[in-house]
Amino acid sequence: MSGGSEEGFETRAIHTGHDYVDGTGAVIPPVYLTSTFEYGNAGGFDYTRSGNPNFRLLDRTLASLEGGKFATVFASGVSAITAIVSTLKSGDLVIAEENVYGCTFRLFAQVFEKFGVRVNYYDFTQPAALERIAEEKPVLVWIESPTNPLLKIIDISAVSQAADAVGSTVVVDNTFASSYVQRPLELGAHLSLLSTTKYTNGHSDALGGAVCTNSEEWRDKMIFAQKALGLQPSPFDAWLTLRGVKTQSIRMERHSANGLRFAEFLEQEVKPKYVRYPLLPSHPQYEIAKRQMNGGSGIVTVDFGLSLEKTLQFVESLQYFPKAESLGGIESLCCHPASMTHASVPKETREKVGISDSLVRFSVGIETVEDLIEDVRSALAKL
Ligand SMILES: Cc1ncc(COP(=O)(O)O)c(C=O)c1O
């Protein structure tokens with residue numbers, strides 16, 4: 001699993017940056033809990049808002065794992081999104097996938113649109129979206145693949161080619177896939193964004209975000225945003241995330257194997273209205289997923305076709321899937337979008353985009369998959 005350099009993904013995950021540890025012989029770098037640095041130090045650090053050894057170790061590792069030259073780390077995925085959008089000016093146009101993460105939508109609608117940034121939303125699974133790029137020539141094209149929670153798969157190479165033709169910058173939110181499963185920069189995107197809170201860290205114990213790129217100009221813009229907007233993570237969260245990312249390949253292999261098995265069980269045995277999983281042949285964009293993803297990751301979205309009451313009763317009686325927001329940790333979780341992440345969206349609007357009352361999103365962890373399946377069987381039997 002090379003990401004473009006000679007060493008494999010796993011070797012880079014574990015060893016990147018080790019030349020950087022100071023002269024103590026510590027195998028694991030310490031947490032640099034310092035707000036400030038003495039002037040003239042060899043690392044060029046001055047103040048943690050604009051850089052810290054823990055950020056640099058994580059930057060280098062994430063850049064390498066995404067197959068890119070640079071990464072800048074932030075306090076959260078939303079901070080990373082803010083950093084990119086803060087580079088826009090009044091009148092600039094963004095074309096975005098209509099199923100983008102809710103907080104991305106909220107940030108555009110309730111913050112940046114106030115400052116004159118314009119955003120048009122399209123369904124990027126349709127060829128018409130590529131025509132919109134050609135005609136509208138946006139400054140940014142903002143996509144996610146897979147999307148949350150419907151797991152639409154967007155053809156990153158096709159979007160990047162269309163954007164290159166008119167000089168637009170393509171941002172791919174790679175959070176649901178992870179660097180192990182998908183590398184947008186290698187598919188032609190200009191920026192790959194991660195909420196490292198999810199699969200990158202993988203242990204649900206730290207928030208973080210990152211923007212990865214091959215462009216020096218974008219790297220400089222991201223470092224500026226980190227410092228000027230105060231979007232930096234804490235050194236301890238950066239340390240935890242570096243610890244987490246070292247095991248990303250084996251976690252993602254298991255998430256993907258469990259995810260596929262869990263999705264097949266639901267489709268074949270439970271036969272709900274539909275099951276969405278990128279590597280199920282029934283997925284509408286299965287061929288694209290096979291081409292651009294190395295595994296299906298761990299999210300499975302299901303429309304059980306049940307009433308709201310029955311769906312909630314089912315979710316509440318699961319033993320190994322606590323109802324919680326977030327995803328991508330080693331432990332399984334489930335989310336009922338209609339009453340949780342999308343509760344503030346009017347029912348009609350939700351249903352128009354496919355977020356029905358009976359939709360459940362599972363974040364399939366790395367537990368013994370037969371236990372997870374049995375859990376679903378017995379929760380359904382109780383209805
Ligand atoms: C696709 C996607 N992007 C970005 C974010 C935001 O990340 P964070 O919660 O770390 O701010 C999330 C969080 O759920 C997400 O699912």
# chains A, B, ... in the order shown; residues from 1 in each chain; ligands from 1
>>> residues_near_ligand(ligand="ligand 1", cutoff="7 Å", atoms="only C-alpha atoms and all ligand atoms", output="ChimeraX atom specification")
/A:76-79,101,103,144,147-148,173,175-176,194-197,207-209,326
>>> residues_around(residues="segment 49-55 of chain A", least_positions_apart="6", cutoff="8 Å", atoms="only C-alpha atoms", output="MDAnalysis selection string")
chainID A and resid 31:32 35 72:73 223 226:227 230:233 235:236 238:239
>>> closest_atom_pairs(of="segment 225-290 of chain A", to="segment 122-141 of chain A", cutoff="12 Å", atoms="only C-alpha atoms", output="CSV")
residue,atom,partner,partner_atom,distance
A:Pro284,CA,A:Thr125,CA,9.2
A:Gln285,CA,A:Thr125,CA,8.0
A:Tyr286,CA,A:Thr125,CA,11.7
A:Ile288,CA,A:Thr125,CA,10.3
A:Ala289,CA,A:Thr125,CA,12.0
>>> write_last_selection(atoms="N, CA, C and O atoms", output="short mmCIF file (atom, residue, chain, number, x, y, z; two decimals), in the first residue's frame")
data_model
loop_
_atom_site.label_atom_id
_atom_site.label_comp_id
_atom_site.auth_asym_id
_atom_site.auth_seq_id
_atom_site.Cartn_x
_atom_site.Cartn_y
_atom_site.Cartn_z
N PRO A 284 -25.43 2.23 -6.00
CA PRO A 284 -25.56 2.84 -7.34
C PRO A 284 -24.21 3.27 -7.95
O PRO A 284 -24.09 3.33 -9.16
N GLN A 285 -23.23 3.58 -7.11
CA GLN A 285 -21.92 3.98 -7.67
C GLN A 285 -20.85 2.95 -7.33
O GLN A 285 -19.67 3.27 -7.11
N TYR A 286 -21.25 1.68 -7.29
CA TYR A 286 -20.33 0.58 -6.92
C TYR A 286 -19.06 0.58 -7.77
O TYR A 286 -17.95 0.43 -7.25
N ILE A 288 -17.52 3.00 -9.32
CA ILE A 288 -16.61 4.12 -8.97
C ILE A 288 -15.94 3.81 -7.63
O ILE A 288 -14.73 4.00 -7.46
N ALA A 289 -16.73 3.29 -6.68
CA ALA A 289 -16.16 2.96 -5.37
C ALA A 289 -15.04 1.95 -5.51
O ALA A 289 -13.97 2.08 -4.91
#
>>> residues_around(residues="segment 190-192 of chain A", least_positions_apart="4", cutoff="7 Å", atoms="only C-alpha atoms", output="number ranges by chain")
A: 169-174, 184-185, 211-213
>>> atom_distance(atom1="atom CA of Glu325 of chain A", atom2="atom CA of Met340 of chain A")
7.6 Å
>>> atom_distance(atom1="atom CA of Ile355 of chain A", atom2="atom CA of Phe314 of chain A")
17.2 Å
>>> select_by_dssp(residues="segment 174-238 of chain A", states="strand (DSSP E or B)", output="tab-separated table (two decimals) with all heavy atoms, in the first residue's frame")
chain	number	residue	atom	x	y	z
A	191	LEU	N	-7.01	19.66	-2.66
A	191	LEU	CA	-6.99	19.65	-1.20
A	191	LEU	C	-7.75	18.43	-0.70
A	191	LEU	O	-8.85	18.14	-1.18
A	191	LEU	CB	-7.67	20.91	-0.63
A	191	LEU	CG	-7.12	22.27	-1.08
A	191	LEU	CD1	-7.99	23.39	-0.53
A	191	LEU	CD2	-5.69	22.46	-0.59
A	192	SER	N	-7.17	17.73	0.25
A	192	SER	CA	-7.88	16.63	0.90
A	192	SER	C	-8.05	16.99	2.37
A	192	SER	O	-7.07	17.30	3.05
A	192	SER	CB	-7.10	15.32	0.76
A	192	SER	OG	-7.78	14.29	1.45
A	193	LEU	N	-9.30	16.99	2.81
A	193	LEU	CA	-9.60	17.43	4.18
A	193	LEU	C	-9.98	16.22	5.03
A	193	LEU	O	-10.70	15.34	4.57
A	193	LEU	CB	-10.76	18.42	4.10
A	193	LEU	CG	-11.23	19.06	5.40
A	193	LEU	CD1	-11.71	20.47	5.11
A	193	LEU	CD2	-12.34	18.29	6.08
A	194	LEU	N	-9.48	16.20	6.25
A	194	LEU	CA	-9.84	15.12	7.17
A	194	LEU	C	-10.37	15.70	8.47
A	194	LEU	O	-9.77	16.64	9.01
A	194	LEU	CB	-8.60	14.28	7.53
A	194	LEU	CG	-7.93	13.48	6.42
A	194	LEU	CD1	-6.51	13.09	6.84
A	194	LEU	CD2	-8.75	12.22	6.10
A	195	SER	N	-11.47	15.14	8.97
A	195	SER	CA	-11.76	15.30	10.39
A	195	SER	C	-10.97	14.15	11.01
A	195	SER	O	-11.39	12.99	10.93
A	195	SER	CB	-13.25	15.16	10.69
A	195	SER	OG	-13.41	14.91	12.08
A	209	GLY	N	-8.41	18.10	12.92
A	209	GLY	CA	-8.67	18.18	11.49
A	209	GLY	C	-7.37	18.40	10.76
A	209	GLY	O	-6.35	18.74	11.38
A	210	ALA	N	-7.37	18.19	9.46
A	210	ALA	CA	-6.15	18.42	8.67
A	210	ALA	C	-6.54	18.77	7.25
A	210	ALA	O	-7.57	18.32	6.75
A	210	ALA	CB	-5.27	17.17	8.68
A	211	VAL	N	-5.68	19.57	6.62
A	211	VAL	CA	-5.81	19.85	5.18
A	211	VAL	C	-4.50	19.42	4.53
A	211	VAL	O	-3.43	19.88	4.94
A	211	VAL	CB	-6.09	21.34	4.90
A	211	VAL	CG1	-6.16	21.60	3.39
A	211	VAL	CG2	-7.39	21.78	5.57
A	212	CYS	N	-4.59	18.52	3.55
A	212	CYS	CA	-3.39	17.98	2.89
A	212	CYS	C	-3.38	18.49	1.45
A	212	CYS	O	-4.43	18.61	0.81
A	212	CYS	CB	-3.44	16.45	2.88
A	212	CYS	SG	-3.77	15.76	4.52
A	213	THR	N	-2.19	18.76	0.94
A	213	THR	CA	-2.07	19.33	-0.41
A	213	THR	C	-0.68	19.13	-0.97
A	213	THR	O	0.28	18.90	-0.22
A	213	THR	CB	-2.42	20.85	-0.38
A	213	THR	OG1	-2.41	21.36	-1.70
A	213	THR	CG2	-1.45	21.64	0.48
>>> select_by_dssp(residues="segment 78-273 of chain A", states="alpha helix (DSSP H)", output="ChimeraX atom specification")
/A:78-85,102-110,128-136,156-165,216-228,235-245,248-265
>>> atom_distance(atom1="atom CA of Gly295 of chain A", atom2="atom CA of Pro272 of chain A")
23.3 Å
>>> closest_atom_pairs(of="segment 160-226 of chain A", to="segment 6-18 of chain A", cutoff="12 Å", atoms="only C-alpha atoms", output="CSV")
residue,atom,partner,partner_atom,distance
A:Ser179,CA,A:Phe9,CA,9.5
A:Tyr180,CA,A:Phe9,CA,7.7
A:Val181,CA,A:Phe9,CA,11.0
A:Arg183,CA,A:Phe9,CA,11.7
A:Thr200,CA,A:Ala13,CA,10.7
A:Asn201,CA,A:Ala13,CA,11.8
>>> write_last_selection(atoms="N, CA and C atoms", output="compact mmCIF listing (two decimals), in the first residue's frame")
# COMPACT_ATOMS: atom_id res chain seq x y z
N SER A 179 -7.34 8.04 4.97
CA SER A 179 -6.18 8.06 4.06
C SER A 179 -5.83 6.65 3.59
N TYR A 180 -6.14 5.66 4.38
CA TYR A 180 -5.80 4.29 3.97
C TYR A 180 -6.71 3.81 2.84
N VAL A 181 -7.96 4.19 2.93
CA VAL A 181 -8.96 3.69 1.97
C VAL A 181 -9.00 4.52 0.67
N ARG A 183 -7.18 8.18 -1.43
CA ARG A 183 -6.25 9.30 -1.41
C ARG A 183 -6.60 10.29 -2.53
N THR A 200 -8.86 8.72 11.35
CA THR A 200 -7.42 8.99 11.45
C THR A 200 -6.94 8.65 12.86
N ASN A 201 -7.63 9.21 13.85
CA ASN A 201 -7.27 8.90 15.24
C ASN A 201 -7.86 7.54 15.64
>>> closest_atom_pairs(of="segment 133-248 of chain A", to="segment 363-371 of chain A", cutoff="12 Å", atoms="only C-alpha atoms", output="CSV")
residue,atom,partner,partner_atom,distance
A:Asn148,CA,A:Ser363,CA,11.3
A:Pro149,CA,A:Ser363,CA,10.4
A:Phe176,CA,A:Ser363,CA,10.1
A:Lys198,CA,A:Ser363,CA,10.3
A:Tyr199,CA,A:Gly365,CA,10.4
A:Gly202,CA,A:Gly365,CA,9.7
A:His203,CA,A:Gly365,CA,10.3
A:Ser204,CA,A:Gly365,CA,11.4
A:Gln248,CA,A:Ile366,CA,11.9
>>> write_last_selection(atoms="all heavy atoms", output="CSV table (one decimal), in the first residue's frame")
chain,number,residue,atom,x,y,z
A,148,ASN,N,-22.1,11.8,3.9
A,148,ASN,CA,-22.7,11.5,5.2
A,148,ASN,C,-24.2,12.0,5.2
A,148,ASN,O,-24.5,13.2,5.0
A,148,ASN,CB,-22.0,12.3,6.3
A,148,ASN,CG,-22.5,12.2,7.6
A,148,ASN,OD1,-23.3,11.3,7.9
A,148,ASN,ND2,-22.1,13.0,8.6
A,149,PRO,N,-25.2,11.2,5.5
A,149,PRO,CA,-25.1,9.7,5.8
A,149,PRO,C,-25.4,8.8,4.7
A,149,PRO,O,-25.5,7.6,4.9
A,149,PRO,CB,-26.2,9.6,6.9
A,149,PRO,CG,-27.3,10.6,6.4
A,149,PRO,CD,-26.5,11.7,5.7
A,176,PHE,N,-14.9,10.2,5.7
A,176,PHE,CA,-15.5,8.9,5.8
A,176,PHE,C,-14.7,7.7,5.2
A,176,PHE,O,-14.9,6.6,5.5
A,176,PHE,CB,-16.9,8.9,5.0
A,176,PHE,CG,-18.0,9.3,5.9
A,176,PHE,CD1,-17.9,10.3,6.8
A,176,PHE,CD2,-19.2,8.6,5.9
A,176,PHE,CE1,-19.0,10.7,7.7
A,176,PHE,CE2,-20.3,8.9,6.7
A,176,PHE,CZ,-20.2,9.9,7.6
A,198,LYS,N,-12.2,11.2,13.4
A,198,LYS,CA,-12.8,10.0,13.0
A,198,LYS,C,-11.8,8.9,12.8
A,198,LYS,O,-11.1,8.5,13.7
A,198,LYS,CB,-13.7,10.2,11.8
A,198,LYS,CG,-14.6,11.5,11.9
A,198,LYS,CD,-15.6,11.3,13.0
A,198,LYS,CE,-16.7,12.4,13.2
A,198,LYS,NZ,-16.3,13.8,13.1
A,199,TYR,N,-11.7,8.4,11.6
A,199,TYR,CA,-10.8,7.2,11.4
A,199,TYR,C,-9.3,7.5,11.5
A,199,TYR,O,-8.5,6.6,11.8
A,199,TYR,CB,-11.0,6.6,9.9
A,199,TYR,CG,-12.3,5.9,9.8
A,199,TYR,CD1,-13.3,6.4,9.0
A,199,TYR,CD2,-12.6,4.7,10.5
A,199,TYR,CE1,-14.5,5.7,8.8
A,199,TYR,CE2,-13.8,4.1,10.4
A,199,TYR,CZ,-14.8,4.6,9.6
A,199,TYR,OH,-15.9,3.9,9.4
A,202,GLY,N,-9.1,7.4,15.3
A,202,GLY,CA,-9.7,6.1,15.5
A,202,GLY,C,-10.1,5.6,16.9
A,202,GLY,O,-10.6,4.5,17.0
A,203,HIS,N,-9.9,6.4,17.9
A,203,HIS,CA,-10.2,6.0,19.3
A,203,HIS,C,-11.1,6.9,20.0
A,203,HIS,O,-11.3,6.7,21.2
A,203,HIS,CB,-8.9,5.8,20.0
A,203,HIS,CG,-8.0,4.7,19.5
A,203,HIS,ND1,-7.2,4.8,18.4
A,203,HIS,CD2,-7.8,3.5,20.0
A,203,HIS,CE1,-6.6,3.7,18.1
A,203,HIS,NE2,-6.9,2.9,19.1
A,204,SER,N,-11.8,7.8,19.3
A,204,SER,CA,-12.8,8.6,19.9
A,204,SER,C,-12.4,9.4,21.2
A,204,SER,O,-13.2,9.5,22.1
A,204,SER,CB,-14.1,7.8,20.2
A,204,SER,OG,-14.5,7.1,19.1
A,248,GLN,N,-3.6,2.8,11.7
A,248,GLN,CA,-4.8,3.0,10.8
A,248,GLN,C,-5.0,1.9,9.8
A,248,GLN,O,-6.1,1.5,9.5
A,248,GLN,CB,-4.6,4.4,10.0
A,248,GLN,CG,-5.9,4.6,9.2
A,248,GLN,CD,-5.9,6.0,8.5
A,248,GLN,OE1,-4.9,6.3,7.8
A,248,GLN,NE2,-6.9,6.7,8.7
